[in-house]
Amino acid sequence: MGAAKEEFLREFGEHYGYPNGPNSIDQIRATEFKRLKDVVYLDHAGATLYSDLQMESVFHDLTTNLYGNPHSQNDSSSATLDIVRNARQQVLEYFNASPKDYKCIFTSGATAALKLIGEAFPWSCNSNFMYTMENHNSVLGIREYALGQGAAAIAVDIEEDIHPGITGETISSQISMHQVQRRKVDGLPEGEPTSVVHNLFAFPLECNFSGLRFGLDLVKIVQEDSKRIPGIASVCKNGQWMVLIDAAKGCATMPLDLSKYPADFVTISFYKLFGYPTGLGALIIRNDAAKLLKKTYFSGGTVAAAIADIDFIKRRKDIEELFEDGTVSFLSIVSIRHGFKILNSLTVSAISRHTTSLAVYTRKKLLAMRHGNGSSVCILYGYYNSMELCHEMGPIVSFNLKRPDGSWYGYREVEKLASLSGIQLRTGCFCNPGACAKYLGLSHLDLISNTEAGHVCWDDHDIINGKPIGAVRVSFGYMSTYEDAKKFVDFVASSFMSPQNRIDHGSQLKGLEKCFVDTGYYLKSITIYPIKSCGGFSARSWPLSFNGLKYDRQWILRSLTGEVLTQKKVPEMGFISTIIDLSMGMMFVESARCKERLQIRLESDVYDGAVVDIELYGQSYKVYSYHKETNAWFSEAIGKPCTLLRYSSSNHDFMLKKTNGVVTCRNAENKLNFSNEAQFLLVSEESVSDLNKRLSSGISGALVQVNASRFRPNLMVSGGRPYAEDAWKYIRIGDTYFSSLGGCNRCQMINLTLNAGQVQKSNEPLATLASYRRIKGKILFGILLKYASLDREQQQGESWLHVGQDVHPD
């Protein structure tokens, strides 16, 4: 045992690793989660992991017992119905909820449970839907039902330094209200209420953005004495308040006790608890609250009788039967008892202590990190000040990282590098826009302008106008270990912390020496890739077109659903080889999966139909399609249905898309076929050799060698120093002039190796490149080029490039 772990155990050993449990954490990992191997999984807030023992029990159960539809009357169905009833009881017991007071309604997940509440709640124009800012989108969606019925919707903040539940006049400083939202809805009655008004207050058991756990005394305060909360009395002069708790995240490590905090509605998802099954959740509902819900739709299982040709139905009276439309997912329900068995064997209190120890350790280590100039590396989000960490937090650590100069590392950069290090985490806003805006300091204007600029959830934008628009989140589960946390902390320190003798401002590339004038460069090879993401071919000489090398990336493969296919999603495309014979006017395509070699004429009328428009990279292209025989060949070659499309160069200029004033493609007059960013990609032989030396030195612990083709360059030059091309602004090859558009940002596609008909994936060479070729979130290798002259259309004749031509930088 190392000194670092000994220090950790001195502080957390009483709580870490289930010291009084049936198995230690090391035994659990070694026997129940062998599939993790070298992977550090830190996205338990997104989905926790199922254990081997759990799944073996599920498999044995389903393969040795006969389970029928519980709506039938036969013996197998009756047995299933009994197990479903027992499962309901098990869920209620987990929350210490008496069956006399609560019922368990199975749904397809927490989101479906929340939707059910929104649809059936007795809204009126006098109702109020109040919710904390720290709520998941699935809770915010209830707002649509409330506003649609004329009710008011109000977001509130719970103050950071005070827990709800303090009695007396100090309650005034606990809750602050945002503006009241209303919609004008025609046809709804207005004025004083004629019956009891029902209001709904919603908050999460644990914020899935920050990990904050709300004080549960809030339940009784809202239900019984809401008028003491300033603001509520002003918007709601009368009516009954009901409380909804979204427990999807928090209940995995600390379920609420409904005997003490009798919320009206509680929603859960079982995969958040123990990994399997997915697609199953529950609404735990207080009996009195269930009687108020107004259900419109009826289905199989929810009615006692119905007549098809007249308006007659008799609904079932039991709450579960009334709200569970159709046949419940009974095989999934059968499976949850095996998940609860795992949790009960460890005990929830021990799980809470274990995961909390890992989260507190991680927060402390991140807060202690300093750059060489003394500035903080990490900004944590949550309710704590400096090193005084709040233990009323769930096992979530949410943060962003800063450079020594105070600028931000993008969260996508963190995620990309973490993946290369075998660390699985999550980035963005985690479907929690209120908490995201609150902690990141994003105004309404920021959010709207970001959206208008094209930003959507899960895209690659992470810094806009110098501000992060999301965060990095790591979260721990019952099977997480000290080694997981330690590897993550070490990763942050090694990848983002600049020591005293090396302050990295994120604006320099290592490997680029002081620039001197180089001579002796020549064009080593020319490679054309006719079909995007398929194999290319080399030529001694090749003509140029307005869009780059003639025929380069002029074809694409598209799925039947309209998705453009690339090696990132279909690695088998790399096994398709292409070659063009200019003298014959033919392109020949081969694949080991196809018996016949495909021949495609470069100039012919074999296209299937007229020119059509497609969207790619947010732009419109005009394309030709091919006959079904050609499409069948490619479908066989990649193992999935697809169509071949060819770019139509007539009357098309590639137009740029701008995001918040920043050009996402490189040049407004850069004409492209189906290449991602530029007409040409250039690498140097010496840069590839230098990379291979670094790979041979075992920087990443793996001895790997790559050739230039791994980077899919059009042009390879030789004769100079490694990475000298980084500084080139203009180059001339023969009589043709080019200008540099900057470095090429590399992705994990360069980690794919195609060998003997197999696709192999590793972390190299991207991991090694990331160690010395990283700048502002990008890992650069090679440079992008375009024609330096913008009036090539006016030039006479066809230009060619030839292997061996001199290359003159600048």
# chains A, B, ... in the order shown; residues from 1 in each chain; ligands from 1
call {"tool": "select_by_dssp", "arguments": {"residues": "stretch 536-727 of chain A", "states": "alpha helix (DSSP H)", "output": "MDAnalysis selection string"}}
result
chainID A and resid 628:638 685:696
call {"tool": "residues_around", "arguments": {"residues": "stretch 538-540 of chain A", "least_positions_apart": "5", "cutoff": "9 Å", "atoms": "only C-alpha atoms", "output": "list in words"}}
result
Ser525, Ile526, Thr527, Ile528, Ile579, Asn714, Leu801, His802, Val803 and Gly804 of chain A
call {"tool": "write_last_selection", "arguments": {"atoms": "C-alpha atoms", "output": "PDB file, in the first residue's frame"}}
result
ATOM      1  CA  SER A 525       3.660  11.965 -51.736  1.00  0.00           C
ATOM      2  CA  ILE A 526       0.195  12.868 -53.042  1.00  0.00           C
ATOM      3  CA  THR A 527      -2.886  10.991 -51.792  1.00  0.00           C
ATOM      4  CA  ILE A 528      -6.455  11.261 -53.022  1.00  0.00           C
ATOM      5  CA  ILE A 579      -8.229   4.073 -57.238  1.00  0.00           C
ATOM      6  CA  ASN A 714      -3.322  14.789 -49.094  1.00  0.00           C
ATOM      7  CA  LEU A 801       1.133  18.620 -58.590  1.00  0.00           C
ATOM      8  CA  HIS A 802       4.055  16.214 -59.017  1.00  0.00           C
ATOM      9  CA  VAL A 803       5.899  14.126 -56.439  1.00  0.00           C
ATOM     10  CA  GLY A 804       9.436  15.487 -56.124  1.00  0.00           C
TER      11      GLY A 804
END
call {"tool": "residues_around", "arguments": {"residues": "stretch 409-411 of chain A", "least_positions_apart": "6", "cutoff": "9 Å", "atoms": "only C-alpha atoms", "output": "compact mmCIF listing (two decimals) with N, CA, C and O atoms, in the first residue's frame"}}
result
# COMPACT_ATOMS: atom_id res chain seq x y z
N ASN A 400 -14.92 23.38 -13.12
CA ASN A 400 -14.22 23.76 -14.35
C ASN A 400 -12.77 24.05 -13.99
O ASN A 400 -12.45 24.32 -12.82
N LEU A 401 -11.92 24.01 -14.99
CA LEU A 401 -10.48 24.18 -14.79
C LEU A 401 -9.99 25.46 -15.44
O LEU A 401 -10.48 25.84 -16.52
N LYS A 402 -9.01 26.11 -14.79
CA LYS A 402 -8.46 27.36 -15.29
C LYS A 402 -6.97 27.22 -15.62
O LYS A 402 -6.24 26.48 -14.96
N ARG A 403 -6.55 28.00 -16.62
CA ARG A 403 -5.14 28.11 -16.95
C ARG A 403 -4.47 29.11 -16.00
O ARG A 403 -5.15 29.87 -15.31
N THR A 427 -19.73 15.82 -19.19
CA THR A 427 -19.56 17.26 -19.27
C THR A 427 -20.83 17.91 -19.83
O THR A 427 -21.66 17.24 -20.44
N GLY A 428 -20.96 19.21 -19.64
CA GLY A 428 -22.10 19.97 -20.15
C GLY A 428 -22.91 20.56 -19.02
O GLY A 428 -22.38 20.93 -17.97
N HIS A 461 -19.37 23.09 -28.49
CA HIS A 461 -19.07 24.42 -27.96
C HIS A 461 -19.00 24.34 -26.43
O HIS A 461 -19.93 23.86 -25.79
N ASP A 462 -17.92 24.80 -25.85
CA ASP A 462 -17.81 24.77 -24.39
C ASP A 462 -17.41 26.11 -23.79
O ASP A 462 -17.66 26.36 -22.62
N ILE A 463 -16.80 26.99 -24.59
CA ILE A 463 -16.45 28.34 -24.15
C ILE A 463 -17.01 29.32 -25.17
O ILE A 463 -16.69 29.23 -26.35
N PRO A 468 -17.31 29.61 -19.68
CA PRO A 468 -17.74 28.22 -19.87
C PRO A 468 -19.26 28.16 -19.86
O PRO A 468 -19.92 28.86 -19.10
N ILE A 469 -19.81 27.33 -20.73
CA ILE A 469 -21.27 27.19 -20.80
C ILE A 469 -21.72 25.84 -20.24
O ILE A 469 -22.86 25.43 -20.42
N GLY A 470 -20.82 25.16 -19.58
CA GLY A 470 -21.12 23.90 -18.92
C GLY A 470 -19.98 23.58 -17.97
O GLY A 470 -19.12 24.43 -17.71
N ALA A 471 -19.96 22.38 -17.45
CA ALA A 471 -18.96 22.01 -16.46
C ALA A 471 -18.54 20.57 -16.66
O ALA A 471 -19.08 19.85 -17.52
N VAL A 472 -17.56 20.15 -15.88
CA VAL A 472 -17.12 18.76 -15.82
C VAL A 472 -17.72 18.16 -14.56
O VAL A 472 -17.71 18.80 -13.51
N PHE A 496 -3.35 19.43 -16.51
CA PHE A 496 -3.85 20.81 -16.47
C PHE A 496 -3.15 21.71 -15.45
O PHE A 496 -3.42 22.90 -15.43
N GLY A 506 -1.33 28.05 -22.75
CA GLY A 506 -2.22 27.45 -23.73
C GLY A 506 -2.08 28.05 -25.11
O GLY A 506 -2.98 27.95 -25.92
N LYS A 776 -5.21 25.30 -26.44
CA LYS A 776 -6.58 25.80 -26.30
C LYS A 776 -7.62 24.73 -26.61
O LYS A 776 -8.57 24.95 -27.36
N GLY A 777 -7.40 23.55 -26.06
CA GLY A 777 -8.39 22.49 -26.21
C GLY A 777 -8.25 21.67 -27.47
O GLY A 777 -9.00 20.72 -27.68
call {"tool": "atom_distance", "arguments": {"atom1": "atom CA of A:Gln89", "atom2": "atom CA of A:Ile105"}}
result
10.9 Å
call {"tool": "residues_around", "arguments": {"residues": "A:Lys550", "least_positions_apart": "6", "cutoff": "12 Å", "atoms": "only C-alpha atoms", "output": "ChimeraX atom specification"}}
result
/A:526-530,539,541-544,580,582,602,649,672-673,679-680,714,798-801
call {"tool": "residues_around", "arguments": {"residues": "A:Cys431", "least_positions_apart": "5", "cutoff": "10 Å", "atoms": "only C-alpha atoms", "output": "list in words"}}
result
Asn135, His136, Asn137, Ser138, Asn208, Phe209, Cys436, Cys457 and Trp458 of chain A
call {"tool": "residues_around", "arguments": {"residues": "stretch 34-50 of chain A", "least_positions_apart": "6", "cutoff": "8 Å", "atoms": "only C-alpha atoms", "output": "PyMOL selection string"}}
result
chain A and resi 208+249+271-276+339+396+422-426+473-477+480+484+487-488
call {"tool": "write_last_selection", "arguments": {"atoms": "N, CA and C atoms", "output": "short mmCIF file (atom, residue, chain, number, x, y, z; two decimals), in the first residue's frame"}}
result
data_model
loop_
_atom_site.label_atom_id
_atom_site.label_comp_id
_atom_site.auth_asym_id
_atom_site.auth_seq_id
_atom_site.Cartn_x
_atom_site.Cartn_y
_atom_site.Cartn_z
N ASN A 208 -28.35 17.24 -9.49
CA ASN A 208 -27.45 16.42 -10.31
C ASN A 208 -26.35 17.25 -10.96
N LYS A 249 -31.65 10.94 -8.71
CA LYS A 249 -30.22 10.94 -8.41
C LYS A 249 -29.95 10.60 -6.95
N TYR A 271 -32.25 2.20 -12.79
CA TYR A 271 -30.87 2.09 -13.26
C TYR A 271 -29.95 3.07 -12.54
N LYS A 272 -30.51 4.11 -11.95
CA LYS A 272 -29.71 5.01 -11.13
C LYS A 272 -29.36 4.35 -9.78
N LEU A 273 -30.19 3.39 -9.37
CA LEU A 273 -29.96 2.72 -8.10
C LEU A 273 -28.93 1.61 -8.21
N PHE A 274 -29.15 0.70 -9.20
CA PHE A 274 -28.25 -0.45 -9.28
C PHE A 274 -28.00 -0.89 -10.72
N GLY A 275 -28.08 0.03 -11.67
CA GLY A 275 -27.60 -0.21 -13.02
C GLY A 275 -28.54 -0.94 -13.96
N TYR A 276 -29.32 -1.86 -13.46
CA TYR A 276 -30.23 -2.66 -14.28
C TYR A 276 -31.49 -2.95 -13.47
N GLY A 339 -31.35 -6.38 -7.58
CA GLY A 339 -30.60 -5.15 -7.35
C GLY A 339 -30.71 -4.69 -5.91
N ILE A 396 -21.14 13.84 -5.87
CA ILE A 396 -20.92 14.52 -7.14
C ILE A 396 -19.87 15.60 -6.93
N GLY A 422 -8.49 6.69 -20.12
CA GLY A 422 -9.36 5.63 -19.62
C GLY A 422 -10.31 6.06 -18.54
N ILE A 423 -10.64 7.37 -18.50
CA ILE A 423 -11.54 7.91 -17.47
C ILE A 423 -12.84 8.34 -18.14
N GLN A 424 -13.95 7.77 -17.67
CA GLN A 424 -15.26 8.09 -18.21
C GLN A 424 -15.96 9.05 -17.26
N LEU A 425 -16.26 10.25 -17.75
CA LEU A 425 -16.97 11.25 -16.95
C LEU A 425 -17.99 11.94 -17.84
N ARG A 426 -18.62 12.99 -17.33
CA ARG A 426 -19.65 13.68 -18.12
C ARG A 426 -19.39 15.17 -18.09
N ARG A 473 -18.24 16.95 -14.66
CA ARG A 473 -18.83 16.29 -13.49
C ARG A 473 -18.26 14.90 -13.34
N VAL A 474 -17.77 14.60 -12.14
CA VAL A 474 -17.45 13.22 -11.79
C VAL A 474 -18.38 12.83 -10.65
N SER A 475 -18.82 11.59 -10.65
CA SER A 475 -19.76 11.12 -9.63
C SER A 475 -19.41 9.68 -9.28
N PHE A 476 -19.61 9.34 -8.01
CA PHE A 476 -19.18 8.05 -7.49
C PHE A 476 -20.37 7.16 -7.18
N GLY A 477 -20.15 5.85 -7.31
CA GLY A 477 -21.15 4.85 -6.99
C GLY A 477 -20.64 3.91 -5.92
N SER A 480 -17.27 2.35 -6.57
CA SER A 480 -16.11 3.21 -6.85
C SER A 480 -15.03 2.98 -5.79
N ASP A 484 -9.85 4.79 -8.21
CA ASP A 484 -10.57 5.57 -9.23
C ASP A 484 -10.37 7.06 -8.98
N LYS A 487 -6.64 8.14 -9.52
CA LYS A 487 -6.25 8.24 -10.92
C LYS A 487 -6.84 9.49 -11.56
N PHE A 488 -8.06 9.84 -11.19
CA PHE A 488 -8.66 11.05 -11.73
C PHE A 488 -7.93 12.29 -11.26
#
call {"tool": "select_by_dssp", "arguments": {"residues": "stretch 333-568 of chain A", "states": "strand (DSSP E or B)", "output": "ChimeraX atom specification"}}
result
/A:370,376,378-381,385,388,393,396-402,408,423-424,426-428,463-464,467-468,471-475,522-528,531,537-539,541-545,548-549,555-559,564
call {"tool": "atom_distance", "arguments": {"atom1": "atom CA of A:Gly782", "atom2": "atom CA of A:Lys467"}}
result
28.8 Å
call {"tool": "closest_residue", "arguments": {"among": "A:Thr355, A:Ser648, A:Ser108, A:Ser335", "to": "A:Ser620", "atoms": "only C-alpha atoms"}}
result
A:Ser648
call {"tool": "decode", "arguments": {"residues": "stretch 764-787 of chain A", "atoms": "N, CA and C atoms", "output": "short mmCIF file (atom, residue, chain, number, x, y, z; two decimals), in the first residue's frame"}}
result
data_model
loop_
_atom_site.label_atom_id
_atom_site.label_comp_id
_atom_site.auth_asym_id
_atom_site.auth_seq_id
_atom_site.Cartn_x
_atom_site.Cartn_y
_atom_site.Cartn_z
N GLU A 764 -3.54 5.50 -28.67
CA GLU A 764 -2.42 6.10 -29.40
C GLU A 764 -2.71 6.19 -30.88
N PRO A 765 -2.14 7.22 -31.53
CA PRO A 765 -1.13 8.16 -31.03
C PRO A 765 -1.69 9.44 -30.38
N LEU A 766 -3.03 9.52 -30.23
CA LEU A 766 -3.63 10.76 -29.75
C LEU A 766 -3.16 11.10 -28.33
N ALA A 767 -3.00 10.06 -27.47
CA ALA A 767 -2.58 10.33 -26.09
C ALA A 767 -1.20 10.98 -26.05
N THR A 768 -0.28 10.47 -26.87
CA THR A 768 1.06 11.06 -26.89
C THR A 768 1.03 12.45 -27.51
N LEU A 769 0.27 12.64 -28.57
CA LEU A 769 0.15 13.97 -29.16
C LEU A 769 -0.42 14.96 -28.14
N ALA A 770 -1.37 14.50 -27.32
CA ALA A 770 -1.96 15.39 -26.33
C ALA A 770 -0.94 15.86 -25.30
N SER A 771 0.12 15.08 -25.09
CA SER A 771 1.11 15.44 -24.08
C SER A 771 2.02 16.58 -24.53
N TYR A 772 2.07 16.87 -25.83
CA TYR A 772 2.97 17.95 -26.26
C TYR A 772 2.45 18.76 -27.44
N ARG A 773 1.27 18.44 -27.95
CA ARG A 773 0.74 19.17 -29.12
C ARG A 773 -0.64 19.74 -28.83
N ARG A 774 -0.89 20.15 -27.60
CA ARG A 774 -2.21 20.62 -27.19
C ARG A 774 -2.20 22.13 -27.06
N ILE A 775 -3.21 22.79 -27.65
CA ILE A 775 -3.32 24.24 -27.54
C ILE A 775 -4.80 24.63 -27.52
N LYS A 776 -5.21 25.30 -26.44
CA LYS A 776 -6.58 25.80 -26.30
C LYS A 776 -7.62 24.73 -26.61
N GLY A 777 -7.40 23.55 -26.06
CA GLY A 777 -8.39 22.49 -26.21
C GLY A 777 -8.25 21.67 -27.47
N LYS A 778 -7.29 21.98 -28.33
CA LYS A 778 -7.11 21.25 -29.57
C LYS A 778 -5.79 20.49 -29.54
N ILE A 779 -5.78 19.32 -30.17
CA ILE A 779 -4.57 18.52 -30.31
C ILE A 779 -4.20 18.58 -31.79
N LEU A 780 -3.14 19.32 -32.10
CA LEU A 780 -2.83 19.66 -33.49
C LEU A 780 -1.72 18.79 -34.06
N PHE A 781 -1.93 18.38 -35.30
CA PHE A 781 -0.89 17.67 -36.05
C PHE A 781 -1.18 17.83 -37.53
N GLY A 782 -0.19 18.38 -38.27
CA GLY A 782 -0.40 18.72 -39.67
C GLY A 782 -1.06 20.07 -39.80
N ILE A 783 -1.09 20.58 -41.02
CA ILE A 783 -1.72 21.88 -41.26
C ILE A 783 -2.72 21.78 -42.40
N LEU A 784 -3.71 22.66 -42.35
CA LEU A 784 -4.74 22.75 -43.38
C LEU A 784 -4.35 23.83 -44.38
N LEU A 785 -4.58 23.55 -45.66
CA LEU A 785 -4.21 24.50 -46.71
C LEU A 785 -5.38 24.81 -47.61
N LYS A 786 -5.32 25.99 -48.21
CA LYS A 786 -6.23 26.35 -49.29
C LYS A 786 -5.43 27.10 -50.34
N TYR A 787 -6.00 27.22 -51.50
CA TYR A 787 -5.35 28.02 -52.54
C TYR A 787 -5.14 29.44 -52.03
#
